[in-house]
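coords-v3.tsv, holding TSV, C-alpha atoms and all ligand atoms:
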```tsv
chain	number	residue	atom	x	y	z
A	157	MET	CA	-20.14	-4.22	27.05
A	158	ARG	CA	-17.73	-3.69	24.19
A	159	GLU	CA	-16.84	-6.86	22.34
A	160	GLU	CA	-13.17	-7.65	22.22
A	161	ARG	CA	-11.64	-7.32	18.79
A	162	PRO	CA	-10.34	-10.68	17.53
A	163	HIS	CA	-6.63	-11.03	16.78
A	164	LEU	CA	-5.48	-10.08	13.29
A	165	GLU	CA	-4.89	-13.71	12.29
A	166	THR	CA	-8.48	-14.57	13.21
A	167	LEU	CA	-9.89	-11.54	11.39
A	168	ALA	CA	-7.81	-12.38	8.33
A	169	VAL	CA	-9.37	-15.84	8.15
A	170	HIS	CA	-12.97	-14.90	8.93
A	171	ALA	CA	-13.62	-11.28	7.96
A	172	GLY	CA	-16.01	-10.93	5.03
A	173	SER	CA	-16.81	-14.63	5.01
A	174	ALA	CA	-19.91	-16.67	5.71
A	175	VAL	CA	-20.89	-20.20	4.79
A	176	ASP	CA	-23.20	-19.88	1.77
A	177	ALA	CA	-26.79	-20.32	2.98
A	178	ALA	CA	-28.00	-21.78	-0.33
A	179	THR	CA	-25.30	-24.43	-0.83
A	180	GLY	CA	-23.24	-24.79	2.34
A	181	ALA	CA	-20.12	-23.82	0.39
A	182	VAL	CA	-17.35	-22.89	2.83
A	183	THR	CA	-15.40	-20.73	0.41
A	184	PRO	CA	-17.22	-17.92	-1.39
A	185	ALA	CA	-18.73	-18.24	-4.85
A	186	ILE	CA	-17.74	-15.74	-7.53
A	187	HIS	CA	-20.75	-13.67	-8.55
A	188	LEU	CA	-20.29	-12.65	-12.17
A	189	SER	CA	-23.81	-11.31	-12.63
A	190	THR	CA	-23.72	-7.62	-13.50
A	191	THR	CA	-27.35	-7.07	-12.53
A	192	PHE	CA	-29.65	-8.10	-9.70
A	193	GLU	CA	-33.40	-8.74	-9.62
A	194	ARG	CA	-35.84	-6.20	-8.28
A	195	ASP	CA	-38.94	-7.13	-6.32
A	196	ALA	CA	-42.41	-6.36	-7.69
A	197	ASP	CA	-42.60	-3.45	-5.25
A	198	GLY	CA	-39.45	-1.95	-6.80
A	199	SER	CA	-37.09	-2.78	-3.92
A	200	TYR	CA	-33.83	-4.75	-4.14
A	201	PRO	CA	-34.23	-7.45	-1.51
A	202	HIS	CA	-30.53	-8.36	-1.39
A	203	GLY	CA	-29.20	-4.82	-1.56
A	204	TYR	CA	-27.53	-5.26	-4.95
A	205	VAL	CA	-28.64	-3.35	-8.03
A	206	TYR	CA	-25.82	-3.28	-10.58
A	207	THR	CA	-22.30	-4.50	-10.07
A	208	ARG	CA	-20.50	-1.17	-10.64
A	209	GLY	CA	-22.29	0.09	-7.52
A	210	GLY	CA	-21.81	-3.06	-5.49
A	211	ASN	CA	-21.18	-6.78	-5.87
A	212	PRO	CA	-21.16	-9.58	-3.29
A	213	ASN	CA	-17.46	-10.31	-3.86
A	214	ARG	CA	-16.48	-6.66	-3.64
A	215	ASN	CA	-18.59	-6.13	-0.54
A	216	ALA	CA	-16.97	-9.14	1.15
A	217	LEU	CA	-13.52	-7.79	0.31
A	218	GLU	CA	-14.42	-4.30	1.54
A	219	GLU	CA	-15.79	-5.71	4.79
A	220	ALA	CA	-12.56	-7.65	5.35
A	221	LEU	CA	-10.35	-4.66	4.52
A	222	ALA	CA	-12.26	-2.38	6.89
A	223	ALA	CA	-12.05	-5.00	9.67
A	224	LEU	CA	-8.33	-5.66	9.24
A	225	GLN	CA	-7.44	-1.98	9.03
A	226	GLY	CA	-9.74	-1.01	11.90
A	227	GLY	CA	-11.68	1.43	9.70
A	228	ALA	CA	-15.34	2.31	9.33
A	229	GLU	CA	-15.62	1.36	5.64
A	230	ALA	CA	-13.46	0.37	2.70
A	231	ALA	CA	-13.76	0.84	-1.05
A	232	GLY	CA	-12.19	-1.54	-3.57
A	233	PHE	CA	-10.63	-0.21	-6.77
A	234	ALA	CA	-9.23	-1.74	-9.95
A	235	SER	CA	-5.68	-0.68	-9.00
A	236	GLY	CA	-3.75	1.10	-6.28
A	237	SER	CA	-3.42	4.02	-8.68
A	238	ALA	CA	-7.21	4.26	-9.13
A	239	ALA	CA	-7.61	4.21	-5.33
A	240	ALA	CA	-5.03	6.99	-4.98
A	241	ALA	CA	-6.67	9.04	-7.74
A	242	ALA	CA	-10.04	8.89	-5.94
A	243	VAL	CA	-8.53	10.08	-2.64
A	244	LEU	CA	-6.55	12.86	-4.31
A	245	ARG	CA	-9.79	14.07	-5.92
A	246	SER	CA	-11.76	13.94	-2.70
A	247	VAL	CA	-10.69	17.61	-2.41
A	248	GLU	CA	-11.96	20.43	-4.64
A	249	PRO	CA	-10.08	21.59	-7.74
A	250	GLY	CA	-7.80	24.43	-6.59
A	251	ASP	CA	-7.22	22.90	-3.16
A	252	HIS	CA	-3.63	22.54	-2.02
A	253	VAL	CA	-2.26	19.09	-1.23
A	254	LEU	CA	1.14	18.35	0.31
A	255	VAL	CA	2.85	15.25	-1.05
A	256	PRO	CA	6.22	13.75	-0.12
A	257	ARG	CA	9.24	14.61	-2.24
A	258	GLU	CA	10.04	10.91	-2.16
A	259	LEU	CA	6.88	9.46	-3.66
A	260	TYR	CA	5.99	6.26	-5.50
A	261	HIS	CA	6.75	7.29	-9.09
A	262	GLY	CA	3.40	6.09	-10.48
A	263	ILE	CA	1.53	8.49	-8.19
A	264	ARG	CA	3.90	11.32	-9.09
A	265	LYS	CA	3.13	10.62	-12.79
A	266	LEU	CA	-0.59	10.54	-12.05
A	267	ILE	CA	-0.44	13.87	-10.19
A	268	ASP	CA	1.61	15.61	-12.88
A	269	GLY	CA	-0.21	14.17	-15.88
A	270	ALA	CA	-3.83	14.10	-14.73
A	271	LEU	CA	-4.45	15.74	-11.37
A	272	ARG	CA	-2.62	19.05	-11.82
A	273	PRO	CA	-4.54	19.64	-15.08
A	274	TRP	CA	-7.72	18.83	-13.10
A	275	GLY	CA	-6.81	21.59	-10.61
A	276	LEU	CA	-4.94	19.88	-7.80
A	277	GLN	CA	-2.32	22.21	-6.31
A	278	ALA	CA	0.18	19.53	-5.32
A	279	GLU	CA	3.38	20.59	-3.59
A	280	ALA	CA	6.26	18.29	-2.72
A	281	VAL	CA	7.85	18.58	0.73
A	282	ASP	CA	10.28	16.58	2.83
A	283	MET	CA	7.55	14.66	4.66
A	284	THR	CA	10.05	13.19	7.15
A	285	ASP	CA	10.55	16.74	8.53
A	286	VAL	CA	7.37	17.90	10.29
A	287	ALA	CA	8.73	21.48	10.49
A	288	ALA	CA	9.09	21.49	6.68
A	289	VAL	CA	5.49	20.29	6.37
A	290	ALA	CA	4.34	23.12	8.67
A	291	ALA	CA	6.40	25.66	6.72
A	292	ALA	CA	4.83	24.64	3.39
A	293	TRP	CA	1.30	24.99	4.80
A	294	ARG	CA	-1.14	27.31	3.00
A	295	PRO	CA	-4.64	28.42	3.99
A	296	GLU	CA	-6.04	26.24	1.17
A	297	THR	CA	-4.13	23.08	2.22
A	298	ARG	CA	-6.76	20.35	2.60
A	299	LEU	CA	-4.90	17.06	2.40
A	300	VAL	CA	-1.50	15.64	3.25
A	301	TRP	CA	-0.36	12.53	1.40
A	302	VAL	CA	2.07	10.30	3.30
A	303	GLU	CA	3.96	7.25	2.13
A	304	THR	CA	5.97	5.44	4.81
A	305	PRO	CA	8.39	3.71	4.44
A	306	SER	CA	9.00	5.65	1.23
A	307	ASN	CA	9.79	4.15	-2.11
A	308	PRO	CA	12.62	3.35	-2.77
A	309	LEU	CA	14.72	4.85	0.08
A	310	LEU	CA	12.53	3.64	2.96
A	311	SER	CA	12.44	7.02	4.70
A	312	ILE	CA	10.07	7.07	7.65
A	313	THR	CA	7.41	9.73	8.22
A	314	ASP	CA	5.94	10.37	11.66
A	315	VAL	CA	2.27	9.72	10.90
A	316	ALA	CA	1.01	10.80	14.33
A	317	ALA	CA	2.91	14.12	14.18
A	318	VAL	CA	1.75	14.90	10.63
A	319	ALA	CA	-1.84	13.99	11.56
A	320	GLU	CA	-1.74	16.24	14.62
A	321	LEU	CA	-0.46	19.16	12.55
A	322	ALA	CA	-3.01	18.59	9.78
A	323	HIS	CA	-5.94	18.21	12.16
A	324	GLU	CA	-5.04	21.40	14.05
A	325	ARG	CA	-5.28	23.17	10.70
A	326	GLY	CA	-8.44	21.49	9.45
A	327	ALA	CA	-6.88	19.18	6.84
A	328	ARG	CA	-6.96	15.42	6.39
A	329	VAL	CA	-4.14	12.88	6.14
A	330	ALA	CA	-4.02	9.99	3.67
A	331	VAL	CA	-1.38	7.29	4.09
A	332	ASP	CA	-0.30	5.05	1.23
A	333	ALA	CA	0.29	1.94	3.34
A	334	THR	CA	0.98	-0.45	0.47
A	335	TRP	CA	4.35	-1.38	2.02
A	336	THR	CA	2.83	-1.78	5.50
A	337	PRO	CA	-0.36	-3.83	5.29
A	338	PRO	CA	-2.48	-4.44	8.42
A	339	GLY	CA	-0.36	-6.06	11.08
A	340	VAL	CA	2.78	-4.13	10.08
A	341	ALA	CA	1.43	-0.64	10.64
A	342	ASP	CA	-1.80	0.92	11.81
A	343	PRO	CA	-2.02	4.42	10.25
A	344	LEU	CA	-5.65	4.97	11.31
A	345	ALA	CA	-4.75	4.35	14.95
A	346	LEU	CA	-1.92	6.90	14.55
A	347	GLY	CA	-4.46	9.50	13.42
A	348	ALA	CA	-4.59	9.13	9.62
A	349	ASP	CA	-8.02	9.76	8.10
A	350	VAL	CA	-7.74	7.35	5.19
A	351	VAL	CA	-5.40	4.56	4.20
A	352	VAL	CA	-4.68	3.61	0.60
A	353	HIS	CA	-3.37	0.22	-0.50
A	354	ALA	CA	-2.25	-1.25	-3.75
A	355	THR	CA	-3.79	-4.65	-3.00
A	356	THR	CA	-1.71	-5.76	-6.00
A	357	LYS	CA	1.12	-6.16	-3.51
A	358	TYR	CA	1.05	-7.73	-0.03
A	359	LEU	CA	-2.71	-7.94	0.49
A	360	SER	CA	-3.21	-10.25	-2.49
A	361	GLY	CA	0.33	-11.51	-2.07
A	362	HIS	CA	0.85	-13.69	-5.14
A	363	SER	CA	1.64	-11.26	-7.99
A	364	ASP	CA	-1.47	-12.32	-9.87
A	365	VAL	CA	-4.04	-9.57	-9.40
A	366	LEU	CA	-4.10	-5.80	-9.82
A	367	GLY	CA	-6.16	-3.99	-7.21
A	368	GLY	CA	-6.48	-1.06	-4.87
A	369	ALA	CA	-8.38	-0.06	-1.77
A	370	VAL	CA	-9.17	2.92	0.40
A	371	VAL	CA	-10.09	2.46	4.05
A	372	THR	CA	-11.59	5.35	5.98
A	373	ALA	CA	-11.54	6.07	9.69
A	374	ARG	CA	-15.07	7.50	9.48
A	375	VAL	CA	-17.90	8.09	7.06
A	376	ASP	CA	-17.74	11.79	6.27
A	377	GLU	CA	-18.11	14.11	3.28
A	378	ALA	CA	-14.67	13.26	1.87
A	379	TRP	CA	-15.45	9.56	2.15
A	380	ARG	CA	-18.75	9.98	0.33
A	381	ARG	CA	-16.79	11.61	-2.50
A	382	VAL	CA	-14.38	8.63	-2.70
A	383	ARG	CA	-17.36	6.26	-2.75
A	384	PHE	CA	-19.04	8.37	-5.44
A	385	LEU	CA	-15.96	8.24	-7.66
A	386	GLN	CA	-15.65	4.48	-7.13
A	387	GLN	CA	-19.25	3.76	-8.05
A	388	ASN	CA	-19.64	6.32	-10.84
A	389	GLU	CA	-16.26	6.31	-12.58
A	390	GLY	CA	-16.26	2.53	-12.28
A	391	ALA	CA	-12.54	1.82	-11.79
A	392	VAL	CA	-13.73	-1.17	-9.77
A	393	PRO	CA	-12.12	-4.59	-9.35
A	394	SER	CA	-13.83	-7.54	-11.06
A	395	PRO	CA	-15.56	-10.12	-8.87
A	396	PHE	CA	-12.73	-12.57	-9.55
A	397	ASP	CA	-10.11	-9.96	-8.63
A	398	CYS	CA	-11.96	-9.34	-5.35
A	399	TRP	CA	-12.08	-13.07	-4.71
A	400	LEU	CA	-8.32	-13.35	-5.29
A	401	VAL	CA	-7.49	-10.45	-2.96
A	402	LEU	CA	-9.74	-11.87	-0.24
A	403	ARG	CA	-8.10	-15.27	-0.66
A	404	GLY	CA	-4.71	-13.56	-0.26
A	405	ILE	CA	-5.85	-11.80	2.91
A	406	ARG	CA	-6.53	-15.15	4.59
A	407	THR	CA	-2.76	-15.76	4.96
A	408	LEU	CA	-1.59	-12.13	5.21
A	409	PRO	CA	-0.44	-12.08	8.88
A	410	TYR	CA	1.66	-15.23	8.45
A	411	ARG	CA	3.11	-14.11	5.14
A	412	MET	CA	4.07	-10.72	6.59
A	413	ARG	CA	5.95	-12.34	9.45
A	414	ALA	CA	8.03	-14.35	7.00
A	415	HIS	CA	8.59	-11.41	4.61
A	416	THR	CA	9.69	-9.28	7.56
A	417	GLU	CA	11.95	-11.92	9.10
A	418	GLY	CA	13.58	-12.58	5.71
A	419	ALA	CA	14.10	-8.88	4.98
A	420	ALA	CA	15.73	-8.32	8.39
A	421	ARG	CA	18.13	-11.22	7.75
A	422	VAL	CA	18.99	-10.03	4.23
A	423	ALA	CA	19.47	-6.42	5.40
A	424	ALA	CA	21.86	-7.52	8.15
A	425	PHE	CA	23.80	-9.64	5.66
A	426	LEU	CA	24.09	-6.82	3.10
A	427	ALA	CA	25.13	-4.31	5.77
A	428	GLY	CA	28.18	-6.48	6.52
A	429	ARG	CA	29.36	-6.78	2.90
A	430	PRO	CA	32.24	-4.67	1.53
A	431	GLU	CA	30.63	-4.57	-1.96
A	432	VAL	CA	27.63	-2.74	-0.48
A	433	ALA	CA	27.93	1.01	0.13
A	434	ARG	CA	24.66	1.44	1.97
A	435	VAL	CA	21.57	-0.50	3.00
A	436	TYR	CA	18.19	1.21	3.37
A	437	TYR	CA	16.11	-0.81	5.82
A	438	PRO	CA	14.34	0.78	8.81
A	439	GLY	CA	15.18	-2.25	10.94
A	440	LEU	CA	18.89	-1.38	10.88
A	441	ALA	CA	19.99	0.67	13.90
A	442	ASP	CA	21.86	3.19	11.68
A	443	HIS	CA	18.76	3.96	9.59
A	444	PRO	CA	17.76	7.60	10.30
A	445	GLY	CA	14.13	6.54	10.84
A	446	HIS	CA	14.90	3.47	12.92
A	447	GLU	CA	13.53	4.62	16.28
A	448	LEU	CA	10.42	6.15	14.75
A	449	ALA	CA	9.83	3.01	12.69
A	450	ALA	CA	10.23	0.88	15.82
A	451	ARG	CA	7.48	2.95	17.45
A	452	GLN	CA	4.98	3.05	14.60
A	453	MET	CA	5.57	-0.32	12.89
A	454	ARG	CA	5.42	-3.91	14.08
A	455	GLY	CA	8.47	-5.37	12.43
A	456	PHE	CA	10.10	-3.37	9.65
A	457	GLY	CA	8.46	-4.87	6.58
A	458	GLY	CA	9.66	-6.95	3.67
A	459	MET	CA	11.22	-4.26	1.44
A	460	LEU	CA	14.76	-2.93	1.34
A	461	SER	CA	17.16	-1.17	-1.00
A	462	PHE	CA	20.94	-1.15	-1.20
A	463	ARG	CA	23.65	0.65	-3.14
A	464	VAL	CA	26.48	-1.19	-4.82
A	465	ALA	CA	29.83	0.41	-3.92
A	466	ALA	CA	31.34	-0.03	-7.39
A	467	GLY	CA	28.55	1.98	-9.03
A	468	SER	CA	25.75	1.71	-11.52
A	469	ALA	CA	27.24	-0.84	-13.96
A	470	ALA	CA	28.25	-3.05	-11.04
A	471	ALA	CA	24.71	-2.82	-9.64
A	472	MET	CA	23.33	-3.97	-13.00
A	473	ALA	CA	25.87	-6.82	-13.04
A	474	VAL	CA	24.84	-7.92	-9.53
A	475	ALA	CA	21.19	-7.97	-10.62
A	476	ALA	CA	22.15	-9.97	-13.73
A	477	ARG	CA	23.91	-12.65	-11.63
A	478	LEU	CA	21.00	-13.24	-9.23
A	479	ARG	CA	19.39	-16.66	-9.65
A	480	LEU	CA	16.65	-16.91	-7.04
A	481	PHE	CA	15.63	-13.25	-7.23
A	482	THR	CA	13.72	-12.42	-10.39
A	483	ARG	CA	14.58	-9.09	-12.04
A	484	ALA	CA	11.16	-7.48	-12.10
A	485	THR	CA	9.25	-4.54	-10.75
A	486	SER	CA	6.48	-4.76	-8.11
A	487	LEU	CA	6.58	-6.35	-4.68
A	488	GLY	CA	4.73	-8.31	-2.05
A	489	GLY	CA	4.54	-11.69	-3.79
A	490	VAL	CA	5.80	-15.04	-2.55
A	491	GLU	CA	8.79	-14.80	-4.92
A	492	SER	CA	11.71	-12.46	-4.25
A	493	LEU	CA	12.25	-9.67	-6.77
A	494	ALA	CA	15.21	-7.41	-7.48
A	495	GLU	CA	14.87	-4.17	-9.34
A	496	HIS	CA	17.15	-1.47	-10.69
A	497	ARG	CA	14.78	1.27	-9.67
A	498	ALA	CA	16.28	4.29	-11.48
A	499	SER	CA	15.82	2.71	-14.92
A	500	ILE	CA	12.21	1.75	-14.15
A	501	GLU	CA	11.44	5.29	-12.97
A	502	GLY	CA	13.06	6.74	-16.09
A	503	PRO	CA	14.26	10.26	-16.89
A	504	GLY	CA	13.99	12.77	-14.06
A	505	THR	CA	14.32	10.13	-11.34
A	506	THR	CA	16.17	11.11	-8.20
A	507	THR	CA	16.86	7.47	-7.29
A	508	PRO	CA	20.62	6.73	-7.20
A	509	ASP	CA	21.55	4.61	-10.22
A	510	ASP	CA	23.69	2.25	-8.12
A	511	LEU	CA	20.60	1.25	-6.12
A	512	LEU	CA	18.83	-2.10	-6.22
A	513	ARG	CA	15.47	-2.58	-4.54
A	514	LEU	CA	14.55	-5.98	-3.13
A	515	SER	CA	11.13	-7.41	-2.37
A	516	ILE	CA	11.85	-10.30	-0.04
A	517	GLY	CA	9.60	-13.26	-0.79
A	518	LEU	CA	8.88	-16.39	1.16
A	519	GLU	CA	11.93	-18.45	0.16
A	520	HIS	CA	14.20	-19.49	3.03
A	521	PRO	CA	16.35	-16.46	4.00
A	522	ASP	CA	19.53	-18.59	3.91
A	523	ASP	CA	18.94	-19.34	0.23
A	524	LEU	CA	18.30	-15.67	-0.55
A	525	ILE	CA	21.48	-14.68	1.30
A	526	ALA	CA	23.50	-17.34	-0.56
A	527	ASP	CA	22.16	-16.01	-3.87
A	528	LEU	CA	23.10	-12.41	-2.97
A	529	ALA	CA	26.53	-13.57	-1.75
A	530	GLN	CA	27.37	-15.22	-5.09
A	531	ALA	CA	25.97	-12.28	-7.08
A	532	LEU	CA	28.03	-9.73	-5.10
A	533	ALA	CA	31.25	-11.75	-5.07
A	534	SER	CA	31.66	-12.90	-8.67
B	601	LIG	C1	2.32	-0.43	-6.57
B	601	LIG	C2	2.11	0.78	-5.75
B	601	LIG	C3	1.05	1.67	-6.03
B	601	LIG	C4	0.17	1.55	-7.24
B	601	LIG	O1	-0.56	0.38	-7.30
B	601	LIG	P1	-1.08	-0.23	-8.72
B	601	LIG	O2	-1.96	-1.35	-8.31
B	601	LIG	O3	0.15	-0.65	-9.47
B	601	LIG	O4	-1.80	0.86	-9.44
B	601	LIG	C5	0.87	2.74	-5.17
B	601	LIG	N1	1.69	2.97	-4.12
B	601	LIG	C6	2.72	2.14	-3.83
B	601	LIG	C7	3.58	2.43	-2.65
B	601	LIG	C8	2.96	1.02	-4.63
B	601	LIG	O5	3.99	0.20	-4.33
```

Let me see whether you can do it: turn the structure in this file into structure tokens.
Amino acid sequence: MREERPHLETLAVHAGSAVDAATGAVTPAIHLSTTFERDADGSYPHGYVYTRGGNPNRNALEEALAALQGGAEAAGFASGSAAAAAVLRSVEPGDHVLVPRELYHGIRKLIDGALRPWGLQAEAVDMTDVAAVAAAWRPETRLVWVETPSNPLLSITDVAAVAELAHERGARVAVDATWTPPGVADPLALGADVVVHATTKYLSGHSDVLGGAVVTARVDEAWRRVRFLQQNEGAVPSPFDCWLVLRGIRTLPYRMRAHTEGAARVAAFLAGRPEVARVYYPGLADHPGHELAARQMRGFGGMLSFRVAAGSAAAMAVAARLRLFTRATSLGGVESLAEHRASIEGPGTTTPDDLLRLSIGLEHPDDLIADLAQALAS
């Protein structure tokens, strides 16, 4: 008989955890040792050899990530960018990879500056249009990279449709699900082959650790390549970083509910303001991806963007007047952040310069709305 899968909240608390047999400690110890003793017969009785290859804290984190995401295995990395780089090099040099036109700018930089020179044939398409993805297909296309909701316009890509197309043609699909951690979306269940997270964001949840992860639907050749790069290039998270991310995971489902509820309230407020030209939040009925998002997400997440009607200087002035929101990049922490995205992305950005991106934290939504109201009105 198949065991029933525990609820996400239960998994979040228990996955990757065990009371320490030696001490009875309920919370995990941090294992700083870089090396592990061998038996006289040459074996490694605890399975650990050297910490670049595996460490008790990293293994616990990977076990929890795989369980929460419903994957076969997970690999922890030192950053979301390192995790993305490993997946993008799980193909061969010369292989063709389709990436979204609207892509997290750090990954675009990584592709242009390091992966194209390595041999990746990356081509940008409108990933929200499955016909455009099909039209850009080449015989050597091996991987499709999806980010949904996109950054910073929150466009929604149909993961199931892209996965069906890719699988018919013998390619794999990777989803950067940093904005939709487990509980908000389930890309593997929709047919994605691997999921990438910047654990820096919601999974750790407190803006105090840089990390990344890849979760795979199955152990196959491409996965072995990701694991090889993790263990042999060594862009691995420290034991303490793993401990911090795992500690963050314990409260993830409850944090995501509050982030999501707050973002929905703030989006509705902004949509009713005359100073705001447009709100980008998939939970709003007029968002072009609303129905699709309602199907493939549970709640619409904690991120939104909006454009200030009076233009770029006015947008900067609104950001300057905010008191509760901190003007800073990144997302997914307990504190709300506001960001003028175009200036962070720099020259060549296609982000409108009257746009502010908000990461809704865990403050009371009424206080966040009051702060935005005073910043817009003065
Ligand atoms: C932050 C982020 C990344 C990169 O993660 P780092 O830990 O900063 O390297 C990748 N994708 C998305 C969508 C992100 O928000």

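You will find CA of Gly428 (chain A) at 29.2 Å from CA of Asp285 (chain A).
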
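The space separating CA of Asp510 (chain A) from CA of Ala494 (chain A) comes to 12.9 Å.
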
task = Step by step, measure atom-to-atom distances between ligand LIG 601 (chain B) and each residue using all atoms listed in the file, keep those at most 8 Å, then write them as a VMD selection string.
result = chain A and resid 234 to 240 259 to 260 262 to 263 303 306 to 307 332 to 335 352 to 357 366 to 368 486 to 487

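Between Arg257 (chain A) and the candidates A:Ala533, A:Ala345, A:Val281, A:Val318, the tightest atom-to-atom separation, counting only C-alpha atoms, involves A:Val281.
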
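Of the listed residues (A:Val302, A:Leu224, A:Ile516, A:Ala278), A:Val302 comes nearest to Glu258 (chain A); the distances count all atoms listed in the file.
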
message = As an exercise, work out the distance from CA of Gln225 (chain A) to CA of Val315 (chain A) in Å and give it to one decimal place.
response = 15.3 Å

Could you pull region 474-487 of chain A out of the block above and save it with N, CA, C and O atoms, as a PDB file, in the first residue's frame?
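So result.pdb came out as:
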```pdb
ATOM      1  N   VAL A 474       8.374  58.337  -5.014  1.00  0.00           N
ATOM      2  CA  VAL A 474       7.511  57.453  -4.207  1.00  0.00           C
ATOM      3  C   VAL A 474       8.393  56.515  -3.383  1.00  0.00           C
ATOM      4  O   VAL A 474       8.208  56.365  -2.169  1.00  0.00           O
ATOM      5  N   ALA A 475       9.381  55.918  -4.028  1.00  0.00           N
ATOM      6  CA  ALA A 475      10.282  54.996  -3.318  1.00  0.00           C
ATOM      7  C   ALA A 475      10.998  55.723  -2.175  1.00  0.00           C
ATOM      8  O   ALA A 475      11.168  55.170  -1.084  1.00  0.00           O
ATOM      9  N   ALA A 476      11.380  56.986  -2.429  1.00  0.00           N
ATOM     10  CA  ALA A 476      12.116  57.755  -1.417  1.00  0.00           C
ATOM     11  C   ALA A 476      11.245  58.058  -0.200  1.00  0.00           C
ATOM     12  O   ALA A 476      11.755  58.197   0.911  1.00  0.00           O
ATOM     13  N   ARG A 477       9.916  58.175  -0.410  1.00  0.00           N
ATOM     14  CA  ARG A 477       9.021  58.528   0.711  1.00  0.00           C
ATOM     15  C   ARG A 477       8.572  57.323   1.535  1.00  0.00           C
ATOM     16  O   ARG A 477       7.964  57.485   2.582  1.00  0.00           O
ATOM     17  N   LEU A 478       8.825  56.114   1.048  1.00  0.00           N
ATOM     18  CA  LEU A 478       8.374  54.926   1.794  1.00  0.00           C
ATOM     19  C   LEU A 478       9.113  54.836   3.120  1.00  0.00           C
ATOM     20  O   LEU A 478      10.306  55.128   3.202  1.00  0.00           O
ATOM     21  N   ARG A 479       8.403  54.447   4.163  1.00  0.00           N
ATOM     22  CA  ARG A 479       9.020  54.343   5.498  1.00  0.00           C
ATOM     23  C   ARG A 479       9.149  52.892   5.951  1.00  0.00           C
ATOM     24  O   ARG A 479      10.156  52.496   6.505  1.00  0.00           O
ATOM     25  N   LEU A 480       8.099  52.117   5.744  1.00  0.00           N
ATOM     26  CA  LEU A 480       8.158  50.711   6.191  1.00  0.00           C
ATOM     27  C   LEU A 480       8.912  49.852   5.180  1.00  0.00           C
ATOM     28  O   LEU A 480       9.653  48.941   5.559  1.00  0.00           O
ATOM     29  N   PHE A 481       8.697  50.120   3.910  1.00  0.00           N
ATOM     30  CA  PHE A 481       9.414  49.388   2.856  1.00  0.00           C
ATOM     31  C   PHE A 481      10.851  49.878   2.835  1.00  0.00           C
ATOM     32  O   PHE A 481      11.095  51.085   2.828  1.00  0.00           O
ATOM     33  N   THR A 482      11.786  48.977   2.794  1.00  0.00           N
ATOM     34  CA  THR A 482      13.190  49.348   2.622  1.00  0.00           C
ATOM     35  C   THR A 482      13.508  49.354   1.134  1.00  0.00           C
ATOM     36  O   THR A 482      13.088  48.448   0.408  1.00  0.00           O
ATOM     37  N   ARG A 483      14.240  50.373   0.684  1.00  0.00           N
ATOM     38  CA  ARG A 483      14.670  50.413  -0.725  1.00  0.00           C
ATOM     39  C   ARG A 483      15.873  49.489  -0.869  1.00  0.00           C
ATOM     40  O   ARG A 483      16.977  49.830  -0.425  1.00  0.00           O
ATOM     41  N   ALA A 484      15.644  48.332  -1.426  1.00  0.00           N
ATOM     42  CA  ALA A 484      16.720  47.344  -1.561  1.00  0.00           C
ATOM     43  C   ALA A 484      16.306  46.304  -2.584  1.00  0.00           C
ATOM     44  O   ALA A 484      15.109  46.087  -2.812  1.00  0.00           O
ATOM     45  N   THR A 485      17.311  45.655  -3.174  1.00  0.00           N
ATOM     46  CA  THR A 485      17.009  44.570  -4.085  1.00  0.00           C
ATOM     47  C   THR A 485      16.737  43.299  -3.272  1.00  0.00           C
ATOM     48  O   THR A 485      16.774  43.313  -2.055  1.00  0.00           O
ATOM     49  N   SER A 486      16.460  42.204  -3.987  1.00  0.00           N
ATOM     50  CA  SER A 486      16.148  40.901  -3.401  1.00  0.00           C
ATOM     51  C   SER A 486      14.692  40.820  -2.950  1.00  0.00           C
ATOM     52  O   SER A 486      13.901  41.760  -3.174  1.00  0.00           O
ATOM     53  N   LEU A 487      14.333  39.713  -2.357  1.00  0.00           N
ATOM     54  CA  LEU A 487      12.936  39.417  -2.056  1.00  0.00           C
ATOM     55  C   LEU A 487      12.842  38.237  -1.101  1.00  0.00           C
ATOM     56  O   LEU A 487      13.838  37.571  -0.831  1.00  0.00           O
TER      57      LEU A 487
END
```
